[in-house]
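*Asks:* File follows, run.cif with mmCIF, C-alpha atoms and all ligand atoms:
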data_query
#
loop_
_atom_site.label_atom_id
_atom_site.label_comp_id
_atom_site.auth_asym_id
_atom_site.auth_seq_id
_atom_site.Cartn_x
_atom_site.Cartn_y
_atom_site.Cartn_z
CA MET A 1401 19.71 -11.83 -8.86
CA LEU A 1402 18.41 -13.87 -5.93
CA ASN A 1403 14.87 -15.26 -6.16
CA ALA A 1404 12.55 -15.23 -3.15
CA ILE A 1405 10.28 -18.08 -4.22
CA GLU A 1406 9.80 -20.76 -6.86
CA GLN A 1407 7.23 -23.39 -7.71
CA LYS A 1408 7.95 -26.62 -9.52
CA LYS A 1409 5.70 -29.61 -10.08
CA GLY A 1410 3.30 -28.86 -7.27
CA LYS A 1411 6.03 -27.89 -4.80
CA VAL A 1412 6.86 -24.45 -3.44
CA ARG A 1413 10.35 -23.44 -2.32
CA ILE A 1414 11.04 -20.30 -0.32
CA LEU A 1415 14.48 -18.79 0.18
CA ASP A 1416 14.91 -18.21 3.92
CA GLN A 1417 15.62 -14.46 3.99
CA SER A 1418 16.11 -14.49 7.75
CA ARG A 1419 19.45 -16.28 7.12
CA LEU A 1420 20.73 -13.85 4.50
CA PRO A 1421 23.34 -12.72 3.70
CA HIS A 1422 25.26 -15.49 5.49
CA GLU A 1423 23.49 -18.62 4.35
CA ILE A 1424 21.44 -19.73 1.35
CA LEU A 1425 18.79 -22.06 2.69
CA TRP A 1426 15.68 -23.07 0.75
CA ILE A 1427 12.60 -24.14 2.68
CA GLU A 1428 10.33 -26.68 1.02
CA CYS A 1429 6.67 -25.89 1.66
CA ARG A 1430 4.51 -29.01 1.48
CA ASN A 1431 1.21 -27.37 2.40
CA TRP A 1432 -0.39 -23.95 2.78
CA ARG A 1433 0.40 -23.88 6.50
CA ASP A 1434 4.14 -24.09 5.73
CA VAL A 1435 3.74 -21.08 3.43
CA ALA A 1436 1.79 -19.14 6.09
CA LYS A 1437 4.52 -19.92 8.63
CA CYS A 1438 7.21 -18.63 6.26
CA ILE A 1439 5.29 -15.39 5.68
CA LYS A 1440 4.66 -14.79 9.39
CA GLY A 1441 8.27 -15.61 10.31
CA LEU A 1442 9.73 -13.25 7.63
CA LYS A 1443 11.38 -16.14 5.78
CA ILE A 1444 9.74 -14.46 2.82
CA ARG A 1445 8.85 -10.79 3.15
CA GLY A 1446 8.18 -7.72 1.03
CA ALA A 1447 4.62 -6.95 -0.10
CA PRO A 1448 4.63 -8.37 -3.66
CA ALA A 1449 6.63 -11.46 -2.61
CA ILE A 1450 4.19 -12.39 0.15
CA GLY A 1451 1.31 -11.87 -2.29
CA ILE A 1452 2.93 -14.37 -4.65
CA ALA A 1453 3.59 -16.77 -1.76
CA ALA A 1454 -0.06 -16.51 -0.69
CA ALA A 1455 -1.21 -17.37 -4.24
CA MET A 1456 1.04 -20.44 -4.21
CA GLY A 1457 -0.26 -21.27 -0.73
CA VAL A 1458 -3.81 -21.31 -2.13
CA ALA A 1459 -2.69 -23.67 -4.91
CA LEU A 1460 -1.09 -25.96 -2.30
CA GLY A 1461 -4.31 -25.79 -0.25
CA ALA A 1462 -6.36 -26.81 -3.28
CA GLN A 1463 -4.01 -29.69 -4.00
CA ALA A 1464 -4.61 -31.19 -0.54
CA ALA A 1465 -8.34 -30.37 -0.24
CA LYS A 1466 -10.87 -33.18 -0.60
CA ALA A 1467 -13.13 -31.97 -3.35
CA ARG A 1468 -14.93 -33.39 -6.36
CA SER A 1469 -15.66 -30.11 -8.05
CA ALA A 1470 -14.40 -26.55 -8.27
CA ARG A 1471 -17.52 -25.62 -6.32
CA ASP A 1472 -16.44 -27.98 -3.49
CA LEU A 1473 -13.01 -26.38 -3.59
CA CYS A 1474 -14.54 -22.92 -3.08
CA GLN A 1475 -16.01 -24.20 0.19
CA ALA A 1476 -12.97 -26.20 1.26
CA LEU A 1477 -10.52 -23.34 0.75
CA GLY A 1478 -12.28 -20.94 3.16
CA PRO A 1479 -9.86 -21.67 6.07
CA VAL A 1480 -6.87 -21.53 3.69
CA PHE A 1481 -7.77 -18.00 2.56
CA GLU A 1482 -8.43 -16.98 6.16
CA GLY A 1483 -5.17 -18.48 7.43
CA LEU A 1484 -3.06 -16.79 4.75
CA LEU A 1485 -4.77 -13.43 5.23
CA ALA A 1486 -4.11 -13.59 8.97
CA THR A 1487 -0.33 -13.84 8.57
CA ARG A 1488 0.56 -10.18 8.04
CA PRO A 1489 -2.06 -7.43 8.03
CA THR A 1490 -0.37 -4.38 6.47
CA ALA A 1491 0.61 -5.44 2.94
CA VAL A 1492 -2.49 -5.42 0.76
CA ASN A 1493 -0.85 -7.79 -1.74
CA ILE A 1494 -1.92 -10.89 0.19
CA LYS A 1495 -5.57 -9.88 -0.12
CA TRP A 1496 -5.04 -8.79 -3.72
CA ALA A 1497 -3.57 -12.19 -4.65
CA ALA A 1498 -6.15 -14.13 -2.60
CA ASP A 1499 -9.00 -12.24 -4.28
CA ARG A 1500 -7.55 -13.01 -7.69
CA MET A 1501 -7.24 -16.73 -6.88
CA LYS A 1502 -10.80 -16.74 -5.45
CA ALA A 1503 -12.20 -15.07 -8.57
CA ARG A 1504 -10.44 -17.62 -10.80
CA LEU A 1505 -11.88 -20.49 -8.77
CA ALA A 1506 -15.36 -18.95 -8.68
CA GLY A 1507 -15.23 -18.68 -12.48
CA MET A 1508 -14.44 -22.40 -12.77
CA ALA A 1509 -17.20 -23.30 -10.30
CA LEU A 1510 -19.78 -21.74 -12.65
CA ALA A 1511 -19.19 -24.54 -15.18
CA PRO A 1512 -21.91 -27.22 -15.51
CA GLY A 1513 -21.74 -29.65 -12.57
CA GLY A 1514 -19.62 -27.19 -10.58
CA GLY A 1515 -16.48 -27.66 -12.73
CA SER A 1516 -13.92 -30.42 -12.29
CA ALA A 1517 -11.73 -30.19 -9.18
CA SER A 1518 -8.62 -31.42 -11.00
CA ALA A 1519 -8.96 -28.77 -13.72
CA ALA A 1520 -9.49 -26.13 -11.02
CA ARG A 1521 -6.34 -27.26 -9.18
CA GLU A 1522 -4.31 -26.93 -12.37
CA THR A 1523 -5.83 -23.53 -13.10
CA LEU A 1524 -4.90 -22.31 -9.61
CA TRP A 1525 -1.27 -23.36 -10.08
CA ARG A 1526 -1.21 -21.59 -13.44
CA GLU A 1527 -2.78 -18.46 -11.94
CA ALA A 1528 -0.15 -18.38 -9.17
CA ALA A 1529 2.61 -18.72 -11.78
CA LEU A 1530 1.00 -15.93 -13.81
CA ILE A 1531 0.89 -13.62 -10.78
CA HIS A 1532 4.60 -14.31 -10.29
CA GLU A 1533 5.52 -13.71 -13.96
CA GLU A 1534 3.39 -10.59 -14.22
CA ASP A 1535 5.03 -9.14 -11.12
CA ILE A 1536 8.47 -9.39 -12.71
CA ARG A 1537 7.22 -7.75 -15.94
CA ILE A 1538 5.53 -4.97 -13.95
CA ASN A 1539 8.71 -4.34 -11.98
CA ARG A 1540 10.72 -4.00 -15.19
CA THR A 1541 8.21 -1.38 -16.39
CA ILE A 1542 8.38 0.42 -13.02
CA GLY A 1543 12.15 0.38 -13.49
CA GLN A 1544 11.88 2.07 -16.89
CA TRP A 1545 9.66 4.81 -15.47
CA GLY A 1546 11.67 5.20 -12.29
CA ALA A 1547 15.03 5.42 -14.09
CA GLN A 1548 13.78 8.62 -15.74
CA LEU A 1549 13.79 10.22 -12.29
CA ILE A 1550 17.47 9.37 -11.72
CA SER A 1551 20.21 11.46 -13.32
CA ASP A 1552 23.79 10.44 -14.02
CA GLY A 1553 25.80 10.88 -10.80
CA ASP A 1554 22.81 10.84 -8.43
CA VAL A 1555 23.01 9.60 -4.86
CA VAL A 1556 19.80 7.70 -4.02
CA LEU A 1557 18.58 6.92 -0.52
CA THR A 1558 16.47 3.81 0.07
CA HIS A 1559 14.89 2.31 3.17
CA CYS A 1560 14.25 -1.37 3.96
CA ASN A 1561 14.36 -3.76 1.01
CA ALA A 1562 12.09 -3.20 -1.98
CA GLY A 1563 14.36 -5.35 -4.13
CA ALA A 1564 14.23 -8.61 -6.05
CA LEU A 1565 13.91 -10.45 -2.75
CA ALA A 1566 10.80 -8.46 -1.83
CA THR A 1567 9.03 -9.23 -5.11
CA GLY A 1568 8.77 -11.82 -7.87
CA GLY A 1569 12.09 -10.42 -9.11
CA TYR A 1570 13.91 -7.12 -9.90
CA GLY A 1571 12.17 -5.19 -7.10
CA THR A 1572 10.16 -1.98 -7.18
CA ALA A 1573 12.25 0.82 -5.63
CA THR A 1574 15.40 -1.04 -6.65
CA ALA A 1575 13.99 -1.52 -10.17
CA ALA A 1576 14.48 2.22 -10.79
CA ILE A 1577 18.05 1.93 -9.50
CA PHE A 1578 18.83 -1.26 -11.47
CA ALA A 1579 17.38 0.24 -14.67
CA ALA A 1580 19.33 3.52 -14.25
CA HIS A 1581 22.50 1.46 -13.67
CA GLU A 1582 21.76 -0.71 -16.74
CA GLN A 1583 21.33 2.48 -18.78
CA GLY A 1584 24.91 3.41 -17.87
CA LYS A 1585 24.09 6.13 -15.34
CA LYS A 1586 26.44 6.37 -12.38
CA VAL A 1587 24.33 5.82 -9.28
CA HIS A 1588 25.42 5.62 -5.66
CA VAL A 1589 22.91 4.10 -3.24
CA ILE A 1590 22.64 5.02 0.43
CA VAL A 1591 21.12 2.05 2.23
CA ASP A 1592 19.35 2.55 5.57
CA GLU A 1593 20.15 -0.46 7.74
CA THR A 1594 16.44 -0.65 8.76
CA ARG A 1595 16.08 -1.78 12.34
CA PRO A 1596 14.81 -3.92 13.87
CA VAL A 1597 15.44 -6.82 11.50
CA LEU A 1598 17.88 -5.05 9.19
CA GLN A 1599 16.41 -5.69 5.76
CA GLY A 1600 18.57 -2.84 4.44
CA ALA A 1601 21.87 -4.04 5.87
CA ARG A 1602 21.24 -7.72 5.13
CA LEU A 1603 19.24 -7.71 1.90
CA THR A 1604 19.46 -4.39 0.01
CA ALA A 1605 23.20 -4.20 0.66
CA LEU A 1606 23.55 -7.74 -0.71
CA GLU A 1607 21.49 -6.97 -3.81
CA MET A 1608 23.47 -3.79 -4.56
CA LYS A 1609 26.75 -5.61 -4.05
CA GLU A 1610 25.69 -8.45 -6.37
CA ALA A 1611 24.58 -5.95 -9.04
CA GLY A 1612 27.88 -4.06 -8.77
CA ILE A 1613 26.15 -0.82 -7.80
CA PRO A 1614 28.24 1.39 -5.50
CA MET A 1615 26.57 1.76 -2.11
CA THR A 1616 27.07 3.00 1.42
CA LEU A 1617 25.33 1.44 4.39
CA ILE A 1618 24.21 3.85 7.12
CA THR A 1619 22.39 3.61 10.43
CA ASP A 1620 18.77 4.71 10.14
CA ASN A 1621 19.43 7.82 12.21
CA SER A 1622 22.17 9.05 9.79
CA ALA A 1623 19.84 9.82 6.88
CA GLY A 1624 18.82 13.23 8.25
CA ALA A 1625 22.41 14.39 8.61
CA LEU A 1626 23.27 13.35 5.03
CA LEU A 1627 20.14 15.03 3.65
CA ARG A 1628 21.02 18.24 5.49
CA LYS A 1629 24.56 18.12 4.06
CA ALA A 1630 22.97 17.87 0.56
CA GLU A 1631 24.70 14.52 0.01
CA ILE A 1632 21.51 12.80 -1.23
CA ASN A 1633 19.70 13.77 -4.45
CA LEU A 1634 16.54 11.71 -4.10
CA ALA A 1635 14.91 8.95 -2.07
CA ILE A 1636 12.98 5.96 -3.44
CA VAL A 1637 11.14 3.43 -1.29
CA GLY A 1638 8.56 0.69 -1.81
CA THR A 1639 5.16 0.35 -0.18
CA ASP A 1640 3.08 -2.30 1.55
CA ARG A 1641 -0.18 -0.51 0.99
CA THR A 1642 -0.90 2.85 -0.58
CA ALA A 1643 -4.34 4.32 0.06
CA ARG A 1644 -6.59 5.98 -2.55
CA ASN A 1645 -5.48 9.43 -1.44
CA GLY A 1646 -1.78 8.61 -1.91
CA ASP A 1647 -0.90 8.02 1.78
CA VAL A 1648 1.83 5.39 1.86
CA ALA A 1649 2.36 2.58 4.39
CA ASN A 1650 5.88 1.22 4.32
CA LYS A 1651 8.56 -0.07 6.68
CA ILE A 1652 8.80 1.77 9.98
CA GLY A 1653 11.09 4.77 9.57
CA THR A 1654 9.85 5.65 6.09
CA TYR A 1655 7.77 8.56 7.45
CA SER A 1656 10.85 10.09 9.12
CA VAL A 1657 12.80 9.81 5.85
CA ALA A 1658 9.96 11.48 3.90
CA VAL A 1659 9.66 14.38 6.35
CA LEU A 1660 13.43 14.89 6.32
CA CYS A 1661 13.39 14.85 2.50
CA LYS A 1662 10.72 17.57 2.39
CA GLU A 1663 12.58 19.67 4.97
CA ASN A 1664 15.69 19.45 2.80
CA ARG A 1665 13.88 19.83 -0.56
CA VAL A 1666 14.88 16.38 -1.74
CA PRO A 1667 12.31 14.46 -3.87
CA PHE A 1668 10.76 11.46 -2.13
CA TYR A 1669 9.44 8.81 -4.54
CA VAL A 1670 7.42 5.66 -3.87
CA ALA A 1671 7.48 2.70 -6.24
CA ALA A 1672 4.07 1.02 -6.13
CA PRO A 1673 2.72 -1.68 -8.44
CA LEU A 1674 -1.09 -1.46 -8.68
CA SER A 1675 -1.23 -4.65 -6.58
CA SER A 1676 0.06 -2.58 -3.63
CA ILE A 1677 -2.54 0.18 -4.01
CA ASP A 1678 -5.69 -0.32 -1.97
CA PHE A 1679 -8.31 1.65 -3.90
CA SER A 1680 -10.94 0.70 -1.30
CA MET A 1681 -9.07 2.53 1.45
CA PRO A 1682 -9.80 6.27 1.42
CA SER A 1683 -6.79 7.29 3.50
CA GLY A 1684 -3.74 5.87 5.25
CA ASP A 1685 -5.35 6.36 8.69
CA MET A 1686 -7.27 3.11 8.25
CA ILE A 1687 -4.33 0.94 7.18
CA PRO A 1688 -3.77 -1.79 9.78
CA ILE A 1689 -0.25 -1.56 11.17
CA GLU A 1690 1.36 -4.84 12.15
CA GLU A 1691 2.90 -4.97 15.62
CA ARG A 1692 5.55 -7.66 15.92
CA ASP A 1693 7.34 -9.56 18.65
CA PRO A 1694 9.14 -7.14 21.06
CA GLU A 1695 12.08 -9.53 20.99
CA GLU A 1696 12.98 -8.18 17.50
CA VAL A 1697 13.68 -4.78 19.11
CA ALA A 1698 15.28 -6.15 22.27
CA SER A 1699 17.86 -8.10 20.28
CA VAL A 1700 20.28 -7.57 17.41
CA ALA A 1701 21.10 -10.62 15.28
CA GLY A 1702 19.81 -12.92 18.02
CA LYS A 1703 21.79 -11.28 20.84
CA ARG A 1704 19.77 -9.60 23.58
CA ILE A 1705 20.80 -5.96 24.01
CA ALA A 1706 18.00 -4.45 26.11
CA PRO A 1707 17.59 -5.20 29.80
CA ARG A 1708 14.85 -7.70 30.60
CA GLY A 1709 11.53 -6.29 31.73
CA VAL A 1710 11.55 -2.97 29.81
CA ASN A 1711 8.53 -1.87 27.77
CA ILE A 1712 9.01 -2.33 24.05
CA ARG A 1713 6.90 -1.28 21.07
CA ASN A 1714 7.57 -2.89 17.70
CA MET A 1715 5.45 -1.33 14.95
CA ALA A 1716 6.57 -2.88 11.68
CA PHE A 1717 5.23 -0.09 9.43
CA ASP A 1718 4.30 3.58 9.43
CA VAL A 1719 2.16 5.77 7.20
CA THR A 1720 3.61 8.69 5.26
CA PRO A 1721 0.94 11.26 4.40
CA ALA A 1722 0.60 11.98 0.68
CA ARG A 1723 1.83 15.57 1.13
CA TYR A 1724 5.35 14.26 1.73
CA VAL A 1725 5.35 12.10 -1.41
CA THR A 1726 6.70 13.80 -4.52
CA ALA A 1727 5.39 11.14 -6.91
CA ILE A 1728 4.35 7.49 -7.10
CA ILE A 1729 5.94 5.24 -9.71
CA THR A 1730 3.53 2.59 -11.01
CA GLU A 1731 3.54 0.31 -14.05
CA LEU A 1732 1.21 2.83 -15.73
CA GLY A 1733 3.48 5.82 -15.25
CA VAL A 1734 4.66 8.28 -12.61
CA PHE A 1735 1.87 10.19 -10.88
CA ARG A 1736 1.32 12.83 -8.24
CA PRO A 1737 -0.07 11.03 -5.15
CA GLY A 1738 -3.41 12.85 -5.51
CA ASP A 1739 -3.87 11.24 -8.94
CA ILE A 1740 -3.46 7.66 -7.80
CA LYS A 1741 -7.22 7.22 -7.40
CA LYS A 1742 -7.61 7.69 -11.17
CA LEU A 1743 -5.80 4.37 -11.68
CA SER A 1744 -8.51 2.32 -9.98
CA GLY A 1745 -9.69 1.03 -13.37
CA GLY A 1746 -6.37 -0.85 -13.66
CA ARG A 1747 -5.72 -1.84 -17.25
CA ARG A 1748 -8.93 -0.07 -18.27
CA PHE A 1749 -7.43 3.19 -16.98
CA SER A 1750 -7.49 5.94 -19.59
CA PRO A 1751 -4.21 7.89 -19.61
CA GLU A 1752 -5.89 11.07 -20.87
CA ARG A 1753 -7.71 11.31 -17.50
CA ALA A 1754 -4.55 11.49 -15.41
CA SER A 1755 -1.94 14.15 -15.02
CA TYR A 1756 1.49 12.58 -15.23
CA PHE A 1757 4.26 13.64 -12.93
CA LEU A 1758 6.44 13.04 -15.99
CA PRO A 1759 4.29 14.83 -18.60
CA GLY A 1760 4.35 13.28 -22.00
CA ALA A 1761 6.86 10.68 -20.88
CA ARG A 1762 6.44 7.29 -22.47
CA CYS A 1763 8.06 4.16 -21.22
CA SER A 1764 10.05 2.19 -23.77
CA SER A 1765 9.17 -1.27 -22.44
CA ARG A 1766 5.39 -0.76 -22.57
O1 LIG A 1801 8.58 -6.35 6.97
P1 LIG A 1801 8.95 -6.45 5.51
O2 LIG A 1801 10.38 -6.79 5.29
O3 LIG A 1801 8.00 -7.34 4.76
O4 LIG A 1801 8.73 -4.97 4.95
C1 LIG A 1801 8.96 -4.74 3.59
C2 LIG A 1801 8.81 -3.34 3.18
O5 LIG A 1801 8.48 -2.48 3.99
C3 LIG A 1801 8.99 -3.03 1.73
O6 LIG A 1801 9.47 -1.73 1.57
C4 LIG A 1801 7.63 -3.14 1.01
O7 LIG A 1801 7.05 -4.36 1.27
C5 LIG A 1801 7.76 -2.95 -0.46
S1 LIG A 1801 8.58 -4.28 -1.23
C6 LIG A 1801 8.59 -4.01 -2.90
#
Just give me the structure of the file as structure tokens.
*Replies:*
Amino acid sequence: MLNAIEQKKGKVRILDQSRLPHEILWIECRNWRDVAKCIKGLKIRGAPAIGIAAAMGVALGAQAAKARSARDLCQALGPVFEGLLATRPTAVNIKWAADRMKARLAGMALAPGGGSASAARETLWREAALIHEEDIRINRTIGQWGAQLISDGDVVLTHCNAGALATGGYGTATAAIFAAHEQGKKVHVIVDETRPVLQGARLTALEMKEAGIPMTLITDNSAGALLRKAEINLAIVGTDRTARNGDVANKIGTYSVAVLCKENRVPFYVAAPLSSIDFSMPSGDMIPIEERDPEEVASVAGKRIAPRGVNIRNMAFDVTPARYVTAIITELGVFRPGDIKKLSGGRRFSPERASYFLPGARCSSR
């Protein structure tokens, strides 16, 4: 499986996803600004992956900052946190990762004398690596839960890329598909191409092909027709930010898929690690939606298709109200969207307080 990002000896390398599937090009990030540029330019994309990149960006920022103590570093890293948070507003994972790095640093700064800067730098690198490793483990668990929703012979629709490339590895929505496939179930995946920048056609199609999972690529506007013909059994997508009430922000077009699923009585599932759930946000109405360069809509693969001078709107994400979501697959289990708020205690969450979508189900890898 392709990796989106790696860190080695104080260096960060990002696989340039804008070149895929035609070219494998690794970008070496020497400072946090290089990382921010990669995130903004979609060289690395997908909510968990940009969270991991942001954490590594903070570690790079700390490496370059002039500081004698961890306390100095807290001050010096203010613009680094701000710069990374400003790259892409919708995915909550950047804030989640930045908050975790900040908390780690603040803990070190409490030591007598403000803590040593060199120890803090090392700790930040370790924390970034931990965030990366944990994400892969969490995705494997999501896969175990999600695979229980897929039956032998199912046709699964997915939108955008919530795969290994969008995460630390293994993906979220794709984790369910990979796990079902590994369990020997026959799965066929319908991949929405996902305009404007074609994450489905370029990235999900590549990941399915590499994993040997049968797939069919469709234009985004074909999904409705296939759902109506009863040629799709379920849909699974990822999320950039899920609100407390279970409203789901994900790649533009997800809302249309969810509504069409409900109309055709097809289950619509969302794979969401807790790092993508914003428990501070009461509903999806408040989720900031990124608007991107109109040129992405005006062109296909770098070739201008629209006449010059026309109005263009390029919303990168939409919000699917919780009522269209059958269930949310997290590392703690599969829940009705209305029950997501009960997970706000994270690891301290008590299972007896929640009603599982899969009652009594227990995940083997937990
Ligand atoms: O603009 P992108 O490519 O970053 O959008 C990615 C998505 O919408 C994914 O579905 C989402 O981040 C979940 S990835 C596990």
*Asks:* Box for ligand LIG 1801 (chain A): with edges along x, y and z, all listed atoms inside and 8 Å added on each side, what are the centre and edge lengths in Å to one decimal, as AutoDock Vina command-line options?
*Replies:*
--center_x 8.7 --center_y -4.5 --center_z 2.0 --size_x 19.3 --size_y 21.6 --size_z 25.9
*Asks:* Would you work out the distance separating atom CA of Ala1623 of chain A from atom CA of Lys1585 of chain A, expressed in Å to one decimal?
*Replies:* 22.9 Å
*Asks:* Quick check, in Å to one decimal: how far apart do atom CA of Gly1514 of chain A and atom CA of Met1501 of chain A lie?
*Replies:* 16.6 Å
*Asks:* Could you tell me how far atom CA of Gly1571 of chain A sits from atom CA of Phe1668 of chain A, in Å to one decimal place?
*Replies:*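 Between atom CA of Phe1668 of chain A and atom CA of Gly1571 of chain A the gap is 17.4 Å.
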*Asks:* As a VMD selection string, please: the residues near segment 1719-1729 of chain A (cut-off 6 Å, only C-alpha atoms, same-chain neighbours under 4 positions excluded).
*Replies:* chain A and resid 1646 to 1649 1655 1658 1667 to 1672 1734 to 1737
*Asks:* In file coordinates, which residues lie within 10 Å of (2.1, -26.0, -2.8) using only C-alpha atoms, given as a ChimeraX atom specification?
*Replies:* /A:1407-1413,1428-1435,1453-1464,1525
*Asks:* Restricted to C-alpha atoms, what would the selected residues look like written as a PDB file, keeping the file's coordinate frame?
*Replies:*
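Heads up, here's the output in result-v6.pdb:
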ATOM      1  CA  GLN A1407       7.230 -23.390  -7.710  1.00  0.00           C
ATOM      2  CA  LYS A1408       7.950 -26.620  -9.520  1.00  0.00           C
ATOM      3  CA  LYS A1409       5.700 -29.610 -10.080  1.00  0.00           C
ATOM      4  CA  GLY A1410       3.300 -28.860  -7.270  1.00  0.00           C
ATOM      5  CA  LYS A1411       6.030 -27.890  -4.800  1.00  0.00           C
ATOM      6  CA  VAL A1412       6.860 -24.450  -3.440  1.00  0.00           C
ATOM      7  CA  ARG A1413      10.350 -23.440  -2.320  1.00  0.00           C
ATOM      8  CA  GLU A1428      10.330 -26.680   1.020  1.00  0.00           C
ATOM      9  CA  CYS A1429       6.670 -25.890   1.660  1.00  0.00           C
ATOM     10  CA  ARG A1430       4.510 -29.010   1.480  1.00  0.00           C
ATOM     11  CA  ASN A1431       1.210 -27.370   2.400  1.00  0.00           C
ATOM     12  CA  TRP A1432      -0.390 -23.950   2.780  1.00  0.00           C
ATOM     13  CA  ARG A1433       0.400 -23.880   6.500  1.00  0.00           C
ATOM     14  CA  ASP A1434       4.140 -24.090   5.730  1.00  0.00           C
ATOM     15  CA  VAL A1435       3.740 -21.080   3.430  1.00  0.00           C
ATOM     16  CA  ALA A1453       3.590 -16.770  -1.760  1.00  0.00           C
ATOM     17  CA  ALA A1454      -0.060 -16.510  -0.690  1.00  0.00           C
ATOM     18  CA  ALA A1455      -1.210 -17.370  -4.240  1.00  0.00           C
ATOM     19  CA  MET A1456       1.040 -20.440  -4.210  1.00  0.00           C
ATOM     20  CA  GLY A1457      -0.260 -21.270  -0.730  1.00  0.00           C
ATOM     21  CA  VAL A1458      -3.810 -21.310  -2.130  1.00  0.00           C
ATOM     22  CA  ALA A1459      -2.690 -23.670  -4.910  1.00  0.00           C
ATOM     23  CA  LEU A1460      -1.090 -25.960  -2.300  1.00  0.00           C
ATOM     24  CA  GLY A1461      -4.310 -25.790  -0.250  1.00  0.00           C
ATOM     25  CA  ALA A1462      -6.360 -26.810  -3.280  1.00  0.00           C
ATOM     26  CA  GLN A1463      -4.010 -29.690  -4.000  1.00  0.00           C
ATOM     27  CA  ALA A1464      -4.610 -31.190  -0.540  1.00  0.00           C
ATOM     28  CA  TRP A1525      -1.270 -23.360 -10.080  1.00  0.00           C
TER      29      TRP A1525
END
*Asks:* Check the smallest atom-to-atom distance from each of A:Ser1656, A:Ser1622, A:Thr1558, A:Gln1583 to ligand LIG 1801 (chain A) using only C-alpha atoms and all ligand atoms, then report the winner.
*Replies:*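 Using only C-alpha atoms and all ligand atoms, ligand LIG 1801 (chain A) sits closest to A:Thr1558.
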*Asks:* Hey, which residues come within 6 Å of ligand LIG 1801 (chain A) if we count only C-alpha atoms and all ligand atoms? Could you give them as a PyMOL selection string?
*Replies:* chain A and resi 1445-1448+1560-1562+1566-1567+1571-1572+1638-1640+1650-1651
*Asks:* Taking (-8.3, 3.8, 0.5) in the file's coordinates, which residues come within 10 Å, counting all atoms listed in the file, written as a PyMOL selection string?
*Replies:* chain A and resi 1641-1647+1677-1687+1741
*Asks:* Calculated over all atoms listed in the file, which of the candidates A:Phe1578, A:Lys1629, A:Leu1473, A:Leu1674 has the smallest distance to Lys1609 of chain A?
*Replies:*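 The closest residue to Lys1609 of chain A is A:Phe1578.
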*Asks:* Excluding segment 1690-1700 of chain A and its own-chain neighbours fewer than 6 positions away, which residues fall within 7 Å of it when counting only C-alpha atoms? Please give them as a count of residues only.
*Replies:* 12
*Asks:* For Leu1634 of chain A, which of A:Thr1594, A:Asn1493, A:Asn1403, A:Ser1551 is the closest residue, counting all atoms listed in the file?
*Replies:*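 Result for the nearest residue to Leu1634 of chain A: A:Ser1551.
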*Asks:* Which residues are close to Gly1624 of chain A, i.e. within 10 Å by all atoms listed in the file, leaving aside same-chain residues fewer than 2 positions away? Reply as a PDB file with C-alpha atoms, in the frame of the given file.
*Replies:*
ATOM      1  CA  ASP A1620      18.770   4.710  10.140  1.00  0.00           C
ATOM      2  CA  ASN A1621      19.430   7.820  12.210  1.00  0.00           C
ATOM      3  CA  SER A1622      22.170   9.050   9.790  1.00  0.00           C
ATOM      4  CA  LEU A1626      23.270  13.350   5.030  1.00  0.00           C
ATOM      5  CA  LEU A1627      20.140  15.030   3.650  1.00  0.00           C
ATOM      6  CA  ARG A1628      21.020  18.240   5.490  1.00  0.00           C
ATOM      7  CA  LYS A1629      24.560  18.120   4.060  1.00  0.00           C
ATOM      8  CA  ALA A1630      22.970  17.870   0.560  1.00  0.00           C
ATOM      9  CA  ILE A1632      21.510  12.800  -1.230  1.00  0.00           C
ATOM     10  CA  SER A1656      10.850  10.090   9.120  1.00  0.00           C
ATOM     11  CA  VAL A1657      12.800   9.810   5.850  1.00  0.00           C
ATOM     12  CA  VAL A1659       9.660  14.380   6.350  1.00  0.00           C
ATOM     13  CA  LEU A1660      13.430  14.890   6.320  1.00  0.00           C
ATOM     14  CA  CYS A1661      13.390  14.850   2.500  1.00  0.00           C
ATOM     15  CA  GLU A1663      12.580  19.670   4.970  1.00  0.00           C
ATOM     16  CA  ASN A1664      15.690  19.450   2.800  1.00  0.00           C
TER      17      ASN A1664
END
